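Trainee: Take a look at work-v2.pdb, PDB, C-alpha atoms and all ligand atoms:
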ATOM      1  CA  MET A 498       3.091 -28.272  38.822
ATOM      2  CA  HIS A 499       0.561 -30.907  37.789
ATOM      3  CA  ASP A 500       0.800 -32.124  34.201
ATOM      4  CA  ASP A 501      -2.754 -30.920  33.479
ATOM      5  CA  HIS A 502      -1.356 -27.482  32.706
ATOM      6  CA  LEU A 503       0.191 -28.974  29.576
ATOM      7  CA  LYS A 504      -3.311 -29.434  28.138
ATOM      8  CA  LEU A 505      -4.329 -25.819  28.597
ATOM      9  CA  ARG A 506      -4.564 -23.787  25.444
ATOM     10  CA  THR A 507      -2.099 -20.959  25.759
ATOM     11  CA  ARG A 508      -1.901 -17.872  23.604
ATOM     12  CA  VAL A 509       1.235 -15.954  22.731
ATOM     13  CA  THR A 510       1.210 -12.544  21.029
ATOM     14  CA  CYS A 511       4.023 -10.668  19.331
ATOM     15  CA  SER A 512       3.786  -7.430  17.415
ATOM     16  CA  VAL A 513       5.660  -5.848  14.547
ATOM     17  CA  THR A 514       5.476  -2.397  13.008
ATOM     18  CA  PHE A 515       5.788  -1.156   9.479
ATOM     19  CA  GLU A 516       5.428   2.109   7.588
ATOM     20  CA  ALA A 517       3.394   1.988   4.425
ATOM     21  CA  ALA A 518       1.366   4.110   2.027
ATOM     22  CA  HIS A 519      -2.077   3.548   0.577
ATOM     23  CA  HIS A 520      -5.053   5.288  -0.905
ATOM     24  CA  LEU A 521      -8.697   4.297  -1.055
ATOM     25  CA  PRO A 522     -10.255   5.427  -4.349
ATOM     26  CA  TRP A 523     -13.818   4.866  -3.113
ATOM     27  CA  HIS A 524     -13.369   6.968   0.022
ATOM     28  CA  ALA A 525     -15.301  10.238   0.144
ATOM     29  CA  GLY A 526     -12.911  11.834   2.650
ATOM     30  CA  ARG A 527      -9.198  12.343   2.978
ATOM     31  CA  CYS A 528      -8.320   8.640   2.670
ATOM     32  CA  HIS A 529      -8.959   9.061  -1.048
ATOM     33  CA  ARG A 530      -5.583  10.802  -1.257
ATOM     34  CA  LEU A 531      -2.235   9.000  -1.136
ATOM     35  CA  HIS A 532      -0.992   8.957   2.464
ATOM     36  CA  GLY A 533       0.890   6.786   4.911
ATOM     37  CA  HIS A 534       0.468   5.107   8.255
ATOM     38  CA  SER A 535       2.692   3.675  10.937
ATOM     39  CA  TYR A 536       0.993   0.315  11.245
ATOM     40  CA  ARG A 537       1.310  -2.005  14.196
ATOM     41  CA  MET A 538       0.302  -5.639  13.782
ATOM     42  CA  GLU A 539      -0.243  -7.967  16.717
ATOM     43  CA  VAL A 540      -0.343 -11.650  15.890
ATOM     44  CA  THR A 541      -1.583 -14.217  18.390
ATOM     45  CA  VAL A 542      -0.838 -17.921  18.136
ATOM     46  CA  GLU A 543      -2.200 -20.686  20.288
ATOM     47  CA  GLY A 544      -0.868 -24.048  21.303
ATOM     48  CA  HIS A 545       0.253 -26.284  24.096
ATOM     49  CA  LEU A 546       3.470 -25.982  26.005
ATOM     50  CA  ASP A 547       6.370 -27.913  24.561
ATOM     51  CA  ALA A 548       9.067 -29.683  26.558
ATOM     52  CA  ASN A 549      10.753 -26.332  27.147
ATOM     53  CA  GLY A 550       7.569 -24.871  28.581
ATOM     54  CA  VAL A 551       6.757 -22.545  25.706
ATOM     55  CA  VAL A 552       4.225 -22.453  22.881
ATOM     56  CA  ILE A 553       6.738 -20.649  20.714
ATOM     57  CA  ASP A 554       9.867 -18.741  21.624
ATOM     58  CA  PHE A 555       9.247 -14.973  21.526
ATOM     59  CA  ASP A 556      12.459 -14.374  19.573
ATOM     60  CA  GLU A 557      11.575 -17.015  16.997
ATOM     61  CA  MET A 558       8.063 -15.667  16.586
ATOM     62  CA  SER A 559       9.276 -12.085  16.269
ATOM     63  CA  ALA A 560      11.816 -13.103  13.655
ATOM     64  CA  ARG A 561       9.134 -14.958  11.675
ATOM     65  CA  LEU A 562       6.836 -11.943  11.785
ATOM     66  CA  VAL A 563       9.587  -9.656  10.536
ATOM     67  CA  GLU A 564      10.119 -12.045   7.603
ATOM     68  CA  VAL A 565       6.440 -12.503   6.816
ATOM     69  CA  VAL A 566       4.897  -9.126   7.724
ATOM     70  CA  THR A 567       7.522  -6.383   7.904
ATOM     71  CA  GLU A 568       9.423  -7.430   4.805
ATOM     72  CA  ARG A 569       6.138  -7.823   2.943
ATOM     73  CA  TYR A 570       4.656  -4.398   3.686
ATOM     74  CA  ASP A 571       7.278  -2.007   5.035
ATOM     75  CA  HIS A 572       7.903   1.073   2.858
ATOM     76  CA  ARG A 573       5.526  -0.205   0.177
ATOM     77  CA  LEU A 574       2.545   1.225  -1.560
ATOM     78  CA  LEU A 575      -0.021  -1.248  -0.253
ATOM     79  CA  ASN A 576      -2.196  -0.766  -3.343
ATOM     80  CA  ASP A 577       0.569  -2.578  -5.271
ATOM     81  CA  ILE A 578       0.051  -5.663  -3.078
ATOM     82  CA  ILE A 579      -3.632  -5.566  -2.122
ATOM     83  CA  ASP A 580      -6.546  -4.271  -4.143
ATOM     84  CA  ASN A 581      -8.378  -1.632  -2.069
ATOM     85  CA  PRO A 582      -6.069  -1.943   0.966
ATOM     86  CA  THR A 583      -8.370  -1.042   3.816
ATOM     87  CA  ALA A 584      -7.117  -2.006   7.272
ATOM     88  CA  GLU A 585      -9.561  -4.924   7.168
ATOM     89  CA  ARG A 586      -8.230  -6.199   3.853
ATOM     90  CA  ILE A 587      -4.592  -5.765   4.885
ATOM     91  CA  ALA A 588      -5.321  -7.779   8.030
ATOM     92  CA  HIS A 589      -6.985 -10.541   6.005
ATOM     93  CA  GLU A 590      -4.083 -10.683   3.544
ATOM     94  CA  ALA A 591      -1.575 -10.777   6.391
ATOM     95  CA  TRP A 592      -3.492 -13.578   8.116
ATOM     96  CA  GLY A 593      -3.064 -15.689   4.994
ATOM     97  CA  ALA A 594       0.656 -14.964   4.829
ATOM     98  CA  VAL A 595       1.186 -15.704   8.516
ATOM     99  CA  ALA A 596      -0.791 -18.947   8.331
ATOM    100  CA  ALA A 597       1.057 -19.989   5.168
ATOM    101  CA  ALA A 598       4.325 -19.486   7.066
ATOM    102  CA  GLY A 599       3.185 -22.157   9.497
ATOM    103  CA  LEU A 600       2.314 -20.009  12.496
ATOM    104  CA  PRO A 601      -0.849 -21.276  14.243
ATOM    105  CA  VAL A 602      -2.512 -17.845  14.194
ATOM    106  CA  VAL A 603      -5.796 -17.488  16.094
ATOM    107  CA  ALA A 604      -6.081 -13.696  16.232
ATOM    108  CA  LEU A 605      -4.606 -10.790  14.345
ATOM    109  CA  ARG A 606      -4.974  -7.128  15.208
ATOM    110  CA  LEU A 607      -3.884  -4.328  12.909
ATOM    111  CA  TRP A 608      -3.545  -0.826  14.308
ATOM    112  CA  GLU A 609      -3.780   1.721  11.506
ATOM    113  CA  THR A 610      -3.506   4.669  13.886
ATOM    114  CA  PRO A 611      -2.781   4.803  17.624
ATOM    115  CA  ASP A 612      -6.541   5.036  18.168
ATOM    116  CA  ALA A 613      -8.015   2.521  15.743
ATOM    117  CA  PHE A 614      -7.512  -1.154  14.952
ATOM    118  CA  VAL A 615      -9.231  -4.005  13.181
ATOM    119  CA  GLU A 616      -9.147  -7.518  14.580
ATOM    120  CA  ILE A 617      -9.649 -10.894  12.988
ATOM    121  CA  LEU A 618     -10.428 -13.898  15.129
ATOM    122  CA  GLY A 619     -10.107 -17.496  14.012
ATOM    123  CA  ASP A 620     -12.120 -20.433  15.255
TER     124      ASP A 620
HETATM  125 ZN    ZN A 701      -5.163   5.382   5.453
END
Go ahead and render the structure in this file as structure tokens.
Mentor:
Amino acid sequence: MHDDHLKLRTRVTCSVTFEAAHHLPWHAGRCHRLHGHSYRMEVTVEGHLDANGVVIDFDEMSARLVEVVTERYDHRLLNDIIDNPTAERIAHEAWGAVAAAGLPVVALRLWETPDAFVEILGD
């Protein structure tokens, strides 16, 4: 393989899941009431291949996401952590935590139900 492939930007995505409760006081419908979701968060990082041929090892990235995301939100009342924890606001808060942990995040997708997600894209 020619060395040019080392310059290509390559994206790696890992996902984690967590169970959490929230309520949205402003919501006119059922989300006003306390309820829970099985969230799935997909985090994408971008970089160049290292000497081992990876951007980041899947196992290392998964372990980091468990530390930063799962342990932060799992079996919590999200209103205790985030004011007005809509899926959008949870995703934004998580982006900050993931970036602060040193992961070069470029996209983050949060599934609140099997049918609906929000996505944040970086530059
Ligand atoms: Zn909800």
Trainee: For each of A:Ala517, A:Met558, A:Ala594, A:Val603, take the minimum atom-to-atom distance to ligand ZN 701 (chain A), counting only C-alpha atoms and all ligand atoms, then give the residue where this is smallest.
Mentor: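 When distances to ligand ZN 701 (chain A) are compared using only C-alpha atoms and all ligand atoms, the smallest one comes from A:Ala517.
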Trainee: Which is closest to Val552 in chain A among A:Leu521, A:Leu600, A:Leu575, A:Ala584, if we use all atoms listed in the file?
Mentor: A:Leu600
Trainee: Any idea what the distance is between CA of Pro611 in chain A and CA of Asp556 in chain A?
Mentor: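 Going from CA of Pro611 in chain A over to CA of Asp556 in chain A, I get 24.6 Å.
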Trainee: Any idea what's packed within 12 Å of Ala560 in chain A, counting all atoms listed in the file, ignoring anything in its chain fewer than 5 positions away? Could you give it as a PyMOL selection string?
Mentor: chain A and resi 511-513+553-555+565-568+598+600
Trainee: List as a PDB file with C-alpha atoms, in the coordinates of the input the protein and nucleic acid residues lying within 12 Å of ligand ZN 701 (chain A), with all atoms listed in the file counted.
Mentor:
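part27.pdb written:
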ATOM      1  CA  GLU A 516       5.428   2.109   7.588  1.00  0.00           C
ATOM      2  CA  ALA A 517       3.394   1.988   4.425  1.00  0.00           C
ATOM      3  CA  ALA A 518       1.366   4.110   2.027  1.00  0.00           C
ATOM      4  CA  HIS A 519      -2.077   3.548   0.577  1.00  0.00           C
ATOM      5  CA  HIS A 520      -5.053   5.288  -0.905  1.00  0.00           C
ATOM      6  CA  LEU A 521      -8.697   4.297  -1.055  1.00  0.00           C
ATOM      7  CA  PRO A 522     -10.255   5.427  -4.349  1.00  0.00           C
ATOM      8  CA  HIS A 524     -13.369   6.968   0.022  1.00  0.00           C
ATOM      9  CA  GLY A 526     -12.911  11.834   2.650  1.00  0.00           C
ATOM     10  CA  ARG A 527      -9.198  12.343   2.978  1.00  0.00           C
ATOM     11  CA  CYS A 528      -8.320   8.640   2.670  1.00  0.00           C
ATOM     12  CA  HIS A 529      -8.959   9.061  -1.048  1.00  0.00           C
ATOM     13  CA  ARG A 530      -5.583  10.802  -1.257  1.00  0.00           C
ATOM     14  CA  LEU A 531      -2.235   9.000  -1.136  1.00  0.00           C
ATOM     15  CA  HIS A 532      -0.992   8.957   2.464  1.00  0.00           C
ATOM     16  CA  GLY A 533       0.890   6.786   4.911  1.00  0.00           C
ATOM     17  CA  HIS A 534       0.468   5.107   8.255  1.00  0.00           C
ATOM     18  CA  SER A 535       2.692   3.675  10.937  1.00  0.00           C
ATOM     19  CA  TYR A 536       0.993   0.315  11.245  1.00  0.00           C
ATOM     20  CA  LEU A 574       2.545   1.225  -1.560  1.00  0.00           C
ATOM     21  CA  LEU A 575      -0.021  -1.248  -0.253  1.00  0.00           C
ATOM     22  CA  ASN A 576      -2.196  -0.766  -3.343  1.00  0.00           C
ATOM     23  CA  ASN A 581      -8.378  -1.632  -2.069  1.00  0.00           C
ATOM     24  CA  PRO A 582      -6.069  -1.943   0.966  1.00  0.00           C
ATOM     25  CA  THR A 583      -8.370  -1.042   3.816  1.00  0.00           C
ATOM     26  CA  ALA A 584      -7.117  -2.006   7.272  1.00  0.00           C
ATOM     27  CA  GLU A 585      -9.561  -4.924   7.168  1.00  0.00           C
ATOM     28  CA  ILE A 587      -4.592  -5.765   4.885  1.00  0.00           C
ATOM     29  CA  TRP A 608      -3.545  -0.826  14.308  1.00  0.00           C
ATOM     30  CA  GLU A 609      -3.780   1.721  11.506  1.00  0.00           C
ATOM     31  CA  THR A 610      -3.506   4.669  13.886  1.00  0.00           C
ATOM     32  CA  ALA A 613      -8.015   2.521  15.743  1.00  0.00           C
ATOM     33  CA  PHE A 614      -7.512  -1.154  14.952  1.00  0.00           C
TER      34      PHE A 614
END
Trainee: Interatomic distance between CA of Gly593 in chain A and CA of Leu605 in chain A?
Mentor: 10.7 Å
Trainee: Please provide as a list in words all residues within 8 Å of Arg606 in chain A, with the sequence filter that same-chain residues fewer than 5 positions apart are discarded (counting all atoms listed in the file).
Mentor: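 Near Arg606 in chain A, the qualifying residues are Met538, Glu539, Val540, Ala588, Phe614, Val615, Glu616 and Ile617 of chain A.
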Trainee: If you apply the PyMOL selection byres (((chain A and resi 543-545) around 8) and not hetatm) to this file, what residues do you get, as a ChimeraX atom specification?
Mentor: /A:503-509,541-542,546-547,551-552,601-603
Trainee: How would the residues just chosen look if you wrote them out with C-alpha atoms as an mmCIF file, keeping the file's coordinate frame?
Mentor:
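What landed in result-v2.cif:
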data_model
loop_
_atom_site.group_PDB
_atom_site.id
_atom_site.type_symbol
_atom_site.label_atom_id
_atom_site.label_comp_id
_atom_site.auth_asym_id
_atom_site.auth_seq_id
_atom_site.Cartn_x
_atom_site.Cartn_y
_atom_site.Cartn_z
ATOM 1 C CA LEU A 503 0.191 -28.974 29.576
ATOM 2 C CA LYS A 504 -3.311 -29.434 28.138
ATOM 3 C CA LEU A 505 -4.329 -25.819 28.597
ATOM 4 C CA ARG A 506 -4.564 -23.787 25.444
ATOM 5 C CA THR A 507 -2.099 -20.959 25.759
ATOM 6 C CA ARG A 508 -1.901 -17.872 23.604
ATOM 7 C CA VAL A 509 1.235 -15.954 22.731
ATOM 8 C CA THR A 541 -1.583 -14.217 18.390
ATOM 9 C CA VAL A 542 -0.838 -17.921 18.136
ATOM 10 C CA LEU A 546 3.470 -25.982 26.005
ATOM 11 C CA ASP A 547 6.370 -27.913 24.561
ATOM 12 C CA VAL A 551 6.757 -22.545 25.706
ATOM 13 C CA VAL A 552 4.225 -22.453 22.881
ATOM 14 C CA PRO A 601 -0.849 -21.276 14.243
ATOM 15 C CA VAL A 602 -2.512 -17.845 14.194
ATOM 16 C CA VAL A 603 -5.796 -17.488 16.094
#
Trainee: Just how far from CA of Glu557 in chain A is CA of Asp577 in chain A, in Å to one decimal?
Mentor: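 Result for CA of Asp577 in chain A versus CA of Glu557 in chain A: 28.7 Å, one decimal.
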Trainee: Please, what is the axis-aligned box for every listed atom of range 520-537 of chain A with 5 Å on each side, as centre and edge lengths in Å to one decimal, as lines of an AutoDock Vina configuration file?
Mentor:
center_x = -6.3
center_y = 5.2
center_z = 4.9
size_x = 28.0
size_y = 24.3
size_z = 28.5
Trainee: Check the smallest atom-to-atom distance from each of A:Arg537, A:Trp523, A:Arg586, A:Phe515 to Asp612 in chain A using all atoms listed in the file, then report the winner.
Mentor: A:Arg537
Trainee: Could you pull range 519-548 of chain A out of the structure I just pasted and write it to a file containing N, CA and C atoms, as a short mmCIF file (atom, residue, chain, number, x, y, z; two decimals), in the first residue's frame?
Mentor:
data_model
loop_
_atom_site.label_atom_id
_atom_site.label_comp_id
_atom_site.auth_asym_id
_atom_site.auth_seq_id
_atom_site.Cartn_x
_atom_site.Cartn_y
_atom_site.Cartn_z
N HIS A 519 -35.93 10.83 32.58
CA HIS A 519 -36.00 12.28 32.48
C HIS A 519 -37.45 12.70 32.40
N HIS A 520 -37.64 13.99 32.52
CA HIS A 520 -38.95 14.58 32.26
C HIS A 520 -38.72 15.98 31.73
N LEU A 521 -39.65 16.43 30.90
CA LEU A 521 -39.52 17.72 30.24
C LEU A 521 -40.70 18.59 30.65
N PRO A 522 -40.48 19.47 31.65
CA PRO A 522 -41.60 20.23 32.22
C PRO A 522 -42.36 21.10 31.20
N TRP A 523 -41.69 21.50 30.14
CA TRP A 523 -42.34 22.38 29.15
C TRP A 523 -43.20 21.60 28.16
N HIS A 524 -43.05 20.27 28.15
CA HIS A 524 -43.65 19.47 27.08
C HIS A 524 -45.16 19.32 27.28
N ALA A 525 -45.91 19.56 26.22
CA ALA A 525 -47.37 19.51 26.31
C ALA A 525 -47.89 18.07 26.34
N GLY A 526 -47.09 17.13 25.87
CA GLY A 526 -47.55 15.74 25.78
C GLY A 526 -47.01 14.87 26.89
N ARG A 527 -46.84 13.62 26.60
CA ARG A 527 -46.50 12.64 27.64
C ARG A 527 -45.08 12.80 28.17
N CYS A 528 -44.21 13.47 27.45
CA CYS A 528 -42.82 13.65 27.92
C CYS A 528 -42.74 14.58 29.13
N HIS A 529 -43.87 15.21 29.45
CA HIS A 529 -43.95 16.01 30.67
C HIS A 529 -43.78 15.11 31.91
N ARG A 530 -44.26 13.88 31.79
CA ARG A 530 -44.22 12.96 32.94
C ARG A 530 -42.85 12.28 33.04
N LEU A 531 -42.49 11.91 34.26
CA LEU A 531 -41.24 11.17 34.48
C LEU A 531 -41.31 9.83 33.75
N HIS A 532 -40.27 9.54 32.96
CA HIS A 532 -40.24 8.28 32.20
C HIS A 532 -38.78 7.98 31.85
N GLY A 533 -38.57 6.81 31.29
CA GLY A 533 -37.19 6.42 30.97
C GLY A 533 -37.01 6.02 29.53
N HIS A 534 -35.75 5.99 29.12
CA HIS A 534 -35.40 5.54 27.78
C HIS A 534 -34.19 4.62 27.86
N SER A 535 -34.09 3.75 26.87
CA SER A 535 -32.86 3.00 26.64
C SER A 535 -32.11 3.75 25.54
N TYR A 536 -31.17 4.57 25.97
CA TYR A 536 -30.44 5.41 25.02
C TYR A 536 -29.30 4.63 24.38
N ARG A 537 -29.00 5.00 23.16
CA ARG A 537 -27.82 4.47 22.49
C ARG A 537 -27.05 5.67 21.94
N MET A 538 -25.78 5.77 22.29
CA MET A 538 -24.97 6.89 21.82
C MET A 538 -23.84 6.38 20.94
N GLU A 539 -23.75 6.93 19.76
CA GLU A 539 -22.68 6.59 18.82
C GLU A 539 -21.74 7.78 18.74
N VAL A 540 -20.49 7.53 19.01
CA VAL A 540 -19.49 8.59 18.99
C VAL A 540 -18.49 8.28 17.87
N THR A 541 -18.25 9.28 17.05
CA THR A 541 -17.31 9.13 15.93
C THR A 541 -16.10 10.02 16.15
N VAL A 542 -14.93 9.44 16.02
CA VAL A 542 -13.69 10.21 16.09
C VAL A 542 -13.02 10.14 14.73
N GLU A 543 -12.12 11.06 14.51
CA GLU A 543 -11.43 11.11 13.23
C GLU A 543 -9.95 11.33 13.45
N GLY A 544 -9.15 10.72 12.61
CA GLY A 544 -7.71 10.92 12.72
C GLY A 544 -6.99 10.23 11.58
N HIS A 545 -5.70 10.14 11.74
CA HIS A 545 -4.87 9.44 10.77
C HIS A 545 -4.45 8.11 11.37
N LEU A 546 -4.05 7.22 10.53
CA LEU A 546 -3.62 5.91 11.03
C LEU A 546 -2.28 6.04 11.75
N ASP A 547 -2.18 5.38 12.88
CA ASP A 547 -0.91 5.37 13.59
C ASP A 547 -0.03 4.23 13.05
N ALA A 548 1.09 4.00 13.71
CA ALA A 548 2.03 2.99 13.23
C ALA A 548 1.43 1.59 13.23
#
